[in-house]
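Listing of work.pdb, PDB, C-alpha atoms, pLDDT in the B column
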```pdb
ATOM      1  CA  MET A   1      63.990  -8.144 -72.327  1.00 39.00           C
ATOM      2  CA  ILE A   2      67.706  -8.700 -72.898  1.00 45.00           C
ATOM      3  CA  ALA A   3      69.902  -5.614 -72.819  1.00 41.00           C
ATOM      4  CA  PRO A   4      71.457  -4.633 -76.162  1.00 45.00           C
ATOM      5  CA  LEU A   5      75.086  -5.677 -76.501  1.00 47.00           C
ATOM      6  CA  LEU A   6      76.405  -2.131 -76.076  1.00 52.00           C
ATOM      7  CA  ASP A   7      74.563  -1.847 -72.756  1.00 89.00           C
ATOM      8  CA  LEU A   8      76.125  -5.012 -71.301  1.00 95.00           C
ATOM      9  CA  PRO A   9      78.942  -3.292 -69.347  1.00 96.00           C
ATOM     10  CA  ALA A  10      76.496  -0.784 -67.865  1.00 96.00           C
ATOM     11  CA  ALA A  11      73.956  -3.502 -67.042  1.00 96.00           C
ATOM     12  CA  LEU A  12      76.670  -5.564 -65.388  1.00 96.00           C
ATOM     13  CA  ALA A  13      77.904  -2.561 -63.397  1.00 96.00           C
ATOM     14  CA  ASP A  14      74.335  -1.909 -62.275  1.00 97.00           C
ATOM     15  CA  ALA A  15      73.921  -5.558 -61.186  1.00 97.00           C
ATOM     16  CA  VAL A  16      77.145  -5.424 -59.172  1.00 97.00           C
ATOM     17  CA  ALA A  17      76.212  -2.101 -57.566  1.00 97.00           C
ATOM     18  CA  ALA A  18      72.801  -3.487 -56.531  1.00 97.00           C
ATOM     19  CA  TYR A  19      74.489  -6.565 -55.069  1.00 97.00           C
ATOM     20  CA  GLU A  20      77.045  -4.504 -53.153  1.00 97.00           C
ATOM     21  CA  ALA A  21      74.256  -2.334 -51.742  1.00 97.00           C
ATOM     22  CA  SER A  22      71.972  -5.220 -50.757  1.00 97.00           C
ATOM     23  CA  GLY A  23      74.195  -8.285 -50.316  1.00 96.00           C
ATOM     24  CA  ASN A  24      71.510 -10.252 -52.176  1.00 97.00           C
ATOM     25  CA  ILE A  25      73.507 -13.016 -53.869  1.00 96.00           C
ATOM     26  CA  GLY A  26      70.357 -14.621 -55.285  1.00 97.00           C
ATOM     27  CA  GLY A  27      69.402 -11.379 -56.986  1.00 96.00           C
ATOM     28  CA  LEU A  28      72.918 -11.049 -58.392  1.00 97.00           C
ATOM     29  CA  MET A  29      72.861 -14.604 -59.771  1.00 97.00           C
ATOM     30  CA  GLU A  30      69.492 -14.025 -61.422  1.00 97.00           C
ATOM     31  CA  ARG A  31      70.715 -10.854 -63.109  1.00 96.00           C
ATOM     32  CA  LEU A  32      74.042 -12.407 -64.161  1.00 97.00           C
ATOM     33  CA  HIS A  33      72.322 -15.409 -65.710  1.00 96.00           C
ATOM     34  CA  HIS A  34      69.929 -13.113 -67.570  1.00 95.00           C
ATOM     35  CA  LEU A  35      72.810 -10.987 -68.870  1.00 95.00           C
ATOM     36  CA  ARG A  36      75.058 -13.874 -69.843  1.00 95.00           C
ATOM     37  CA  ASP A  37      72.305 -15.699 -71.696  1.00 91.00           C
ATOM     38  CA  GLY A  38      71.811 -12.717 -73.998  1.00 87.00           C
ATOM     39  CA  ALA A  39      75.445 -11.979 -74.790  1.00 95.00           C
ATOM     40  CA  THR A  40      78.228 -13.417 -76.902  1.00 95.00           C
ATOM     41  CA  PRO A  41      81.293 -14.854 -75.154  1.00 96.00           C
ATOM     42  CA  ASP A  42      83.493 -12.040 -76.499  1.00 96.00           C
ATOM     43  CA  ALA A  43      81.094  -9.412 -75.164  1.00 96.00           C
ATOM     44  CA  LEU A  44      81.062 -11.161 -71.781  1.00 97.00           C
ATOM     45  CA  VAL A  45      84.875 -11.223 -71.670  1.00 97.00           C
ATOM     46  CA  ALA A  46      85.046  -7.474 -72.280  1.00 96.00           C
ATOM     47  CA  ALA A  47      82.262  -6.642 -69.830  1.00 96.00           C
ATOM     48  CA  ALA A  48      83.596  -8.923 -67.079  1.00 97.00           C
ATOM     49  CA  GLU A  49      87.119  -7.492 -67.069  1.00 97.00           C
ATOM     50  CA  PRO A  50      86.535  -4.925 -64.254  1.00 97.00           C
ATOM     51  CA  TRP A  51      84.929  -7.619 -62.078  1.00 97.00           C
ATOM     52  CA  LEU A  52      87.481 -10.447 -62.259  1.00 97.00           C
ATOM     53  CA  HIS A  53      88.407  -9.813 -58.614  1.00 97.00           C
ATOM     54  CA  MET A  54      84.858 -10.776 -57.589  1.00 98.00           C
ATOM     55  CA  PRO A  55      84.447 -14.561 -57.884  1.00 98.00           C
ATOM     56  CA  GLU A  56      80.681 -14.304 -57.437  1.00 97.00           C
ATOM     57  CA  VAL A  57      80.594 -12.229 -60.635  1.00 98.00           C
ATOM     58  CA  ALA A  58      83.433 -13.768 -62.671  1.00 98.00           C
ATOM     59  CA  GLY A  59      82.386 -17.365 -61.992  1.00 98.00           C
ATOM     60  CA  PRO A  60      78.883 -17.284 -63.522  1.00 97.00           C
ATOM     61  CA  LEU A  61      80.025 -15.204 -66.490  1.00 98.00           C
ATOM     62  CA  TYR A  62      83.019 -17.393 -67.232  1.00 98.00           C
ATOM     63  CA  GLU A  63      80.942 -20.553 -66.922  1.00 97.00           C
ATOM     64  CA  ARG A  64      79.130 -19.359 -70.037  1.00 97.00           C
ATOM     65  CA  ILE A  65      82.343 -18.298 -71.774  1.00 98.00           C
ATOM     66  CA  VAL A  66      83.981 -21.689 -71.111  1.00 98.00           C
ATOM     67  CA  GLU A  67      80.838 -23.481 -72.234  1.00 97.00           C
ATOM     68  CA  ASP A  68      81.127 -21.763 -75.633  1.00 97.00           C
ATOM     69  CA  GLN A  69      84.950 -21.746 -75.755  1.00 97.00           C
ATOM     70  CA  PRO A  70      86.074 -24.980 -74.022  1.00 98.00           C
ATOM     71  CA  ASN A  71      89.679 -24.633 -75.228  1.00 97.00           C
ATOM     72  CA  ASN A  72      90.164 -21.008 -74.162  1.00 98.00           C
ATOM     73  CA  ALA A  73      92.968 -21.415 -71.622  1.00 98.00           C
ATOM     74  CA  ARG A  74      92.678 -17.870 -70.254  1.00 98.00           C
ATOM     75  CA  ALA A  75      88.949 -18.299 -69.694  1.00 98.00           C
ATOM     76  CA  LEU A  76      89.531 -21.651 -67.992  1.00 98.00           C
ATOM     77  CA  VAL A  77      92.127 -20.097 -65.660  1.00 98.00           C
ATOM     78  CA  ILE A  78      89.787 -17.227 -64.758  1.00 98.00           C
ATOM     79  CA  LEU A  79      86.990 -19.695 -64.045  1.00 98.00           C
ATOM     80  CA  ALA A  80      89.343 -21.887 -61.982  1.00 98.00           C
ATOM     81  CA  ASN A  81      90.459 -18.861 -59.970  1.00 98.00           C
ATOM     82  CA  ALA A  82      86.860 -17.740 -59.370  1.00 98.00           C
ATOM     83  CA  TYR A  83      85.954 -21.234 -58.219  1.00 98.00           C
ATOM     84  CA  TRP A  84      89.031 -21.396 -55.953  1.00 97.00           C
ATOM     85  CA  LEU A  85      88.239 -18.061 -54.331  1.00 97.00           C
ATOM     86  CA  SER A  86      84.625 -19.070 -53.804  1.00 96.00           C
ATOM     87  CA  GLY A  87      85.635 -22.331 -52.110  1.00 96.00           C
ATOM     88  CA  ARG A  88      84.721 -24.845 -54.791  1.00 94.00           C
ATOM     89  CA  GLY A  89      87.599 -27.093 -53.714  1.00 93.00           C
ATOM     90  CA  PRO A  90      90.856 -28.392 -55.140  1.00 96.00           C
ATOM     91  CA  GLU A  91      89.394 -31.295 -57.115  1.00 97.00           C
ATOM     92  CA  VAL A  92      87.033 -29.171 -59.213  1.00 97.00           C
ATOM     93  CA  VAL A  93      89.584 -26.380 -59.632  1.00 98.00           C
ATOM     94  CA  GLY A  94      92.396 -28.827 -60.393  1.00 97.00           C
ATOM     95  CA  ASP A  95      90.326 -30.405 -63.165  1.00 98.00           C
ATOM     96  CA  ILE A  96      89.755 -27.004 -64.757  1.00 98.00           C
ATOM     97  CA  ALA A  97      93.459 -26.133 -64.421  1.00 98.00           C
ATOM     98  CA  THR A  98      94.373 -29.405 -66.127  1.00 98.00           C
ATOM     99  CA  ARG A  99      91.988 -28.557 -68.978  1.00 98.00           C
ATOM    100  CA  ALA A 100      93.661 -25.147 -69.291  1.00 98.00           C
ATOM    101  CA  LEU A 101      97.101 -26.777 -69.431  1.00 98.00           C
ATOM    102  CA  SER A 102      95.904 -29.116 -72.159  1.00 98.00           C
ATOM    103  CA  ALA A 103      94.560 -26.147 -74.120  1.00 98.00           C
ATOM    104  CA  ASP A 104      97.753 -24.079 -73.701  1.00 98.00           C
ATOM    105  CA  PRO A 105     100.817 -25.652 -72.043  1.00 98.00           C
ATOM    106  CA  GLU A 106     102.494 -22.216 -71.911  1.00 97.00           C
ATOM    107  CA  ASN A 107      99.776 -20.542 -69.818  1.00 98.00           C
ATOM    108  CA  ARG A 108     101.448 -19.656 -66.519  1.00 98.00           C
ATOM    109  CA  GLY A 109      98.144 -19.074 -64.774  1.00 98.00           C
ATOM    110  CA  ALA A 110      97.142 -22.646 -65.568  1.00 98.00           C
ATOM    111  CA  TRP A 111     100.402 -23.907 -64.092  1.00 98.00           C
ATOM    112  CA  HIS A 112      99.853 -21.824 -60.959  1.00 98.00           C
ATOM    113  CA  MET A 113      96.326 -23.159 -60.452  1.00 98.00           C
ATOM    114  CA  TRP A 114      97.550 -26.713 -61.112  1.00 98.00           C
ATOM    115  CA  ALA A 115     100.257 -26.400 -58.450  1.00 98.00           C
ATOM    116  CA  LEU A 116      98.034 -24.601 -55.960  1.00 97.00           C
ATOM    117  CA  THR A 117      95.349 -27.285 -55.985  1.00 97.00           C
ATOM    118  CA  GLU A 118      97.585 -30.210 -55.015  1.00 97.00           C
ATOM    119  CA  GLY A 119      96.574 -31.300 -51.516  1.00 95.00           C
ATOM    120  CA  ASN A 120      99.706 -33.221 -50.537  1.00 97.00           C
ATOM    121  CA  GLN A 121     102.441 -30.900 -49.202  1.00 96.00           C
ATOM    122  CA  ARG A 122     105.331 -32.830 -50.778  1.00 97.00           C
ATOM    123  CA  ASP A 123     103.596 -33.167 -54.143  1.00 98.00           C
ATOM    124  CA  ARG A 124     102.577 -29.482 -54.061  1.00 98.00           C
ATOM    125  CA  THR A 125     106.219 -28.517 -53.451  1.00 98.00           C
ATOM    126  CA  ILE A 126     107.273 -30.666 -56.411  1.00 98.00           C
ATOM    127  CA  ARG A 127     104.628 -29.031 -58.573  1.00 98.00           C
ATOM    128  CA  TRP A 128     105.864 -25.543 -57.653  1.00 98.00           C
ATOM    129  CA  LEU A 129     109.403 -26.692 -58.442  1.00 98.00           C
ATOM    130  CA  GLN A 130     108.193 -27.770 -61.893  1.00 98.00           C
ATOM    131  CA  VAL A 131     106.552 -24.378 -62.427  1.00 98.00           C
ATOM    132  CA  THR A 132     109.762 -22.538 -61.504  1.00 98.00           C
ATOM    133  CA  GLN A 133     111.782 -24.755 -63.817  1.00 98.00           C
ATOM    134  CA  ARG A 134     109.390 -24.054 -66.674  1.00 97.00           C
ATOM    135  CA  PHE A 135     109.221 -20.297 -65.918  1.00 98.00           C
ATOM    136  CA  PRO A 136     112.545 -19.343 -64.251  1.00 96.00           C
ATOM    137  CA  GLU A 137     111.700 -15.617 -64.119  1.00 96.00           C
ATOM    138  CA  ASP A 138     108.387 -16.199 -62.307  1.00 97.00           C
ATOM    139  CA  MET A 139     109.069 -14.814 -58.832  1.00 97.00           C
ATOM    140  CA  LEU A 140     105.536 -15.514 -57.606  1.00 97.00           C
ATOM    141  CA  ALA A 141     106.054 -19.208 -58.352  1.00 98.00           C
ATOM    142  CA  LYS A 142     109.488 -19.003 -56.713  1.00 98.00           C
ATOM    143  CA  ALA A 143     107.891 -17.555 -53.567  1.00 97.00           C
ATOM    144  CA  ALA A 144     105.291 -20.341 -53.545  1.00 98.00           C
ATOM    145  CA  LEU A 145     108.082 -22.900 -53.932  1.00 98.00           C
ATOM    146  CA  ALA A 146     110.038 -21.327 -51.074  1.00 98.00           C
ATOM    147  CA  ASP A 147     107.024 -21.252 -48.745  1.00 97.00           C
ATOM    148  CA  ASN A 148     105.930 -24.801 -49.568  1.00 98.00           C
ATOM    149  CA  ALA A 149     109.448 -26.199 -49.271  1.00 98.00           C
ATOM    150  CA  ALA A 150     109.907 -24.442 -45.919  1.00 97.00           C
ATOM    151  CA  SER A 151     106.622 -25.887 -44.648  1.00 96.00           C
ATOM    152  CA  LEU A 152     107.621 -29.340 -45.855  1.00 97.00           C
ATOM    153  CA  ALA A 153     111.044 -29.064 -44.199  1.00 96.00           C
ATOM    154  CA  SER A 154     109.449 -28.044 -40.921  1.00 95.00           C
ATOM    155  CA  ALA A 155     106.695 -30.676 -40.977  1.00 95.00           C
ATOM    156  CA  GLU A 156     108.828 -33.622 -42.064  1.00 96.00           C
ATOM    157  CA  HIS A 157     112.349 -32.589 -40.999  1.00 95.00           C
ATOM    158  CA  ASP A 158     113.335 -32.877 -44.652  1.00 96.00           C
ATOM    159  CA  ARG A 159     116.863 -31.584 -45.313  1.00 96.00           C
ATOM    160  CA  GLU A 160     116.405 -31.551 -49.087  1.00 97.00           C
ATOM    161  CA  ALA A 161     113.273 -29.424 -48.763  1.00 97.00           C
ATOM    162  CA  LEU A 162     115.139 -27.126 -46.356  1.00 97.00           C
ATOM    163  CA  ALA A 163     117.947 -26.629 -48.877  1.00 97.00           C
ATOM    164  CA  MET A 164     115.379 -25.989 -51.617  1.00 98.00           C
ATOM    165  CA  ALA A 165     113.614 -23.384 -49.469  1.00 98.00           C
ATOM    166  CA  ILE A 166     116.857 -21.598 -48.612  1.00 97.00           C
ATOM    167  CA  SER A 167     117.931 -21.541 -52.257  1.00 97.00           C
ATOM    168  CA  ALA A 168     114.556 -20.183 -53.371  1.00 98.00           C
ATOM    169  CA  TYR A 169     114.493 -17.498 -50.664  1.00 97.00           C
ATOM    170  CA  GLU A 170     118.056 -16.465 -51.586  1.00 97.00           C
ATOM    171  CA  GLU A 171     117.049 -16.056 -55.223  1.00 97.00           C
ATOM    172  CA  LEU A 172     114.030 -14.014 -54.152  1.00 97.00           C
ATOM    173  CA  TRP A 173     116.309 -11.853 -51.971  1.00 97.00           C
ATOM    174  CA  ASN A 174     118.643 -11.273 -54.933  1.00 96.00           C
ATOM    175  CA  ASN A 175     115.691 -10.139 -57.052  1.00 95.00           C
ATOM    176  CA  SER A 176     113.874  -8.074 -54.429  1.00 94.00           C
ATOM    177  CA  PRO A 177     113.193  -4.502 -55.524  1.00 91.00           C
ATOM    178  CA  THR A 178     112.805  -3.039 -52.014  1.00 95.00           C
ATOM    179  CA  GLU A 179     114.614  -3.022 -48.705  1.00 95.00           C
ATOM    180  CA  GLN A 180     111.392  -4.009 -46.947  1.00 95.00           C
ATOM    181  CA  GLN A 181     111.099  -7.184 -49.021  1.00 94.00           C
ATOM    182  CA  ARG A 182     114.760  -8.027 -48.482  1.00 95.00           C
ATOM    183  CA  ALA A 183     114.358  -7.565 -44.738  1.00 96.00           C
ATOM    184  CA  ALA A 184     111.384  -9.961 -44.661  1.00 95.00           C
ATOM    185  CA  LEU A 185     113.309 -12.489 -46.722  1.00 96.00           C
ATOM    186  CA  GLU A 186     116.354 -12.164 -44.463  1.00 95.00           C
ATOM    187  CA  THR A 187     114.149 -13.002 -41.482  1.00 95.00           C
ATOM    188  CA  ALA A 188     112.871 -16.110 -43.242  1.00 94.00           C
ATOM    189  CA  LEU A 189     116.382 -17.105 -44.285  1.00 96.00           C
ATOM    190  CA  ASN A 190     117.788 -16.668 -40.776  1.00 94.00           C
ATOM    191  CA  THR A 191     114.999 -18.836 -39.381  1.00 94.00           C
ATOM    192  CA  LEU A 192     115.668 -21.579 -41.898  1.00 95.00           C
ATOM    193  CA  ARG A 193     119.446 -21.440 -41.521  1.00 94.00           C
ATOM    194  CA  ASN A 194     119.082 -21.870 -37.771  1.00 92.00           C
ATOM    195  CA  TYR A 195     116.610 -24.722 -38.075  1.00 87.00           C
ATOM    196  CA  GLN A 196     117.604 -27.737 -35.968  1.00 76.00           C
ATOM    197  CA  PHE A 197     116.485 -31.237 -36.866  1.00 70.00           C
TER     198      PHE A 197
END
```
Using the file provided, produce a representation of the structure as C-alpha cells.
Amino acid sequence: MIAPLLDLPAALADAVAAYEASGNIGGLMERLHHLRDGATPDALVAAAEPWLHMPEVAGPLYERIVEDQPNNARALVILANAYWLSGRGPEVVGDIATRALSADPENRGAWHMWALTEGNQRDRTIRWLQVTQRFPEDMLAKAALADNAASLASAEHDREALAMAISAYEELWNNSPTEQQRAALETALNTLRNYQF
C-alpha cells in the first residue's frame, strides 16, 4: 500500500533511519522506489529536501523527478550531483549537466557540474574560467579556477596558467571574510610566486 501524500516526508525519514541503522542499501532502494512510484514530482521535491546531502537517497528520488520534468534544471543539477558523489563518472554526470544548461543557461549549479566533469586539466581550467566570466561574484568558481590553474601550471610549466592562478588567488584574498582564509591564501600565493620553471 502506498503511503498517502501527507505521509511521504515521514515515510522517507523512516526509510533513511532504517538504512542508517542497518546499512542495507538494497532495503533502502526498495523503499525509495516504492515511495517515489506513489508520489508526484512536486511532493518528492519537498520530501527529498532534507536528504539532498545523501546521494543514495537523492539520486533515486530525482531520477523520478527528472523523468517527469526533463527540463527542470534544478532537478537535473541535483541528480547530476548525486550521481557525481556516488561515483557514476564524468561522462554520465557531464551529460546531465549539459541538459541542465540547455534547460536554463543561467543555472550556476549546472555550470559548476559542467566544469567539474571535464577530464582534461587544461580544458577543465578553461571551463572554470568561463564560469567565472559568466558569474564574476562566484567565489567558489573562482577558487576552482585558482586550484585548477595552479595544478596546470605545476604539471605543464605553463606561465599563463600560473599568472591566472595568482590573479584568481589574489581576488579570493581580497574577498576573504576571515584572517584564517587570508592566511591560507597567502601561503598558496607565496608558493606560486616562488615557483621556478
Item checked: Minimum-distance residue to Ala153 in chain A, chosen among A:Ala17, A:Leu12, A:Ala168, A:Leu192 (using only C-alpha atoms) -> A:Leu192
Margin query: Considering all atoms listed in the file, can you say which of A:Arg88, A:Pro9, A:Glu170, A:Lys142 comes closest to Ala184 in chain A?
Written below: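 Smallest separation from Ala184 in chain A among the options: A:Glu170.
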Next item on the list: Please provide the set of residues having any atom within 12 Å of Gln69 in chain A, restricted to all atoms listed in the file, with same-chain residues fewer than 2 positions apart removed, written as an MDAnalysis selection string.
Entry: chainID A and resid 40:42 44:45 62:67 71:76 99:100 103
Which protein, DNA or RNA residues are at most 10 Å from (86.0, -14.0, -61.4) in the file's coordinates when you count only C-alpha atoms, listed as a compact mmCIF listing (two decimals) with C-alpha atoms, keeping the file's coordinate frame?
```
# COMPACT_ATOMS: atom_id res chain seq x y z
CA ALA A 48 83.60 -8.92 -67.08
CA GLU A 49 87.12 -7.49 -67.07
CA PRO A 50 86.54 -4.92 -64.25
CA TRP A 51 84.93 -7.62 -62.08
CA LEU A 52 87.48 -10.45 -62.26
CA HIS A 53 88.41 -9.81 -58.61
CA MET A 54 84.86 -10.78 -57.59
CA PRO A 55 84.45 -14.56 -57.88
CA GLU A 56 80.68 -14.30 -57.44
CA VAL A 57 80.59 -12.23 -60.64
CA ALA A 58 83.43 -13.77 -62.67
CA GLY A 59 82.39 -17.36 -61.99
CA PRO A 60 78.88 -17.28 -63.52
CA LEU A 61 80.03 -15.20 -66.49
CA TYR A 62 83.02 -17.39 -67.23
CA GLU A 63 80.94 -20.55 -66.92
CA ALA A 75 88.95 -18.30 -69.69
CA VAL A 77 92.13 -20.10 -65.66
CA ILE A 78 89.79 -17.23 -64.76
CA LEU A 79 86.99 -19.70 -64.04
CA ALA A 80 89.34 -21.89 -61.98
CA ASN A 81 90.46 -18.86 -59.97
CA ALA A 82 86.86 -17.74 -59.37
CA TYR A 83 85.95 -21.23 -58.22
CA TRP A 84 89.03 -21.40 -55.95
CA LEU A 85 88.24 -18.06 -54.33
CA SER A 86 84.62 -19.07 -53.80
```
Item checked: From A:Thr98, A:Ser151, A:Gln181, A:Asn107, residue lying nearest Ala165 in chain A [all atoms listed in the file] -> A:Ser151
Notebook entry, point to check: Could you pull the residues within 12 Å of Gln133 in chain A, counting all atoms listed in the file, minus those fewer than 6 positions along the same chain, as a PyMOL selection string?
Noted result: chain A and resi 108+111+126-127+139+141-142+145+168
Check: So how many Å separate CA of His34 in chain A and CA of Gly87 in chain A, to one decimal?
Finding: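 Pair CA of His34 in chain A / CA of Gly87 in chain A returns 23.9 Å.
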Checklist line | Interatomic distance (Å, one decimal) between CA of Tyr169 in chain A and CA of Phe197 in chain A | finding: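 Pair CA of Tyr169 in chain A / CA of Phe197 in chain A returns 19.6 Å.
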Margin query: Rounded to one decimal, what separation in Å do you get between CA of Gly89 in chain A and CA of Arg124 in chain A?
Written below: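 One can read the CA of Gly89 in chain A to CA of Arg124 in chain A distance as 15.2 Å.
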Margin query: Taking 3 positions as the minimum chain separation for residues in the same chain, which residues sit within 10 Å of Arg134 in chain A when counting all atoms listed in the file? Answer as a list in words.
Written below: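 Listing them by chain and then by number gives Glu106, Arg108, Trp111, Trp128, Leu129, Gln130, Val131, Glu137 and Asp138 of chain A.
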Next item on the list: List the neighbours of Gly27 in chain A out to 9 Å using all atoms listed in the file; skip same-chain residues closer than 4 positions along the sequence, and give me the result as a list in words.
Entry: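 My reading of the contact set: Ala15, Ala18, Tyr19, Gly23, Arg31 and Leu32 of chain A.
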Please, what is the axis-aligned box for every listed atom of range 22-25 of chain A with 5 Å on each side, as centre and edge lengths in Å to one decimal, as AutoDock Vina command-line options?
```
--center_x 72.9 --center_y -9.1 --center_z -52.1 --size_x 12.7 --size_y 17.8 --size_z 13.6
```
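Each of A:Gly26, A:Ile166, A:Leu172, A:Arg122 was compared to Leu152 in chain A using only C-alpha atoms, and A:Arg122 turns out to be the nearest.
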Margin query: Quick one: residues within 12 Å of Asp7 in chain A, all atoms listed in the file, excluding same-chain residues fewer than 3 positions away - as a PyMOL selection string?
Written below: chain A and resi 2-4+10-14+35+38-39+43-44+46-47
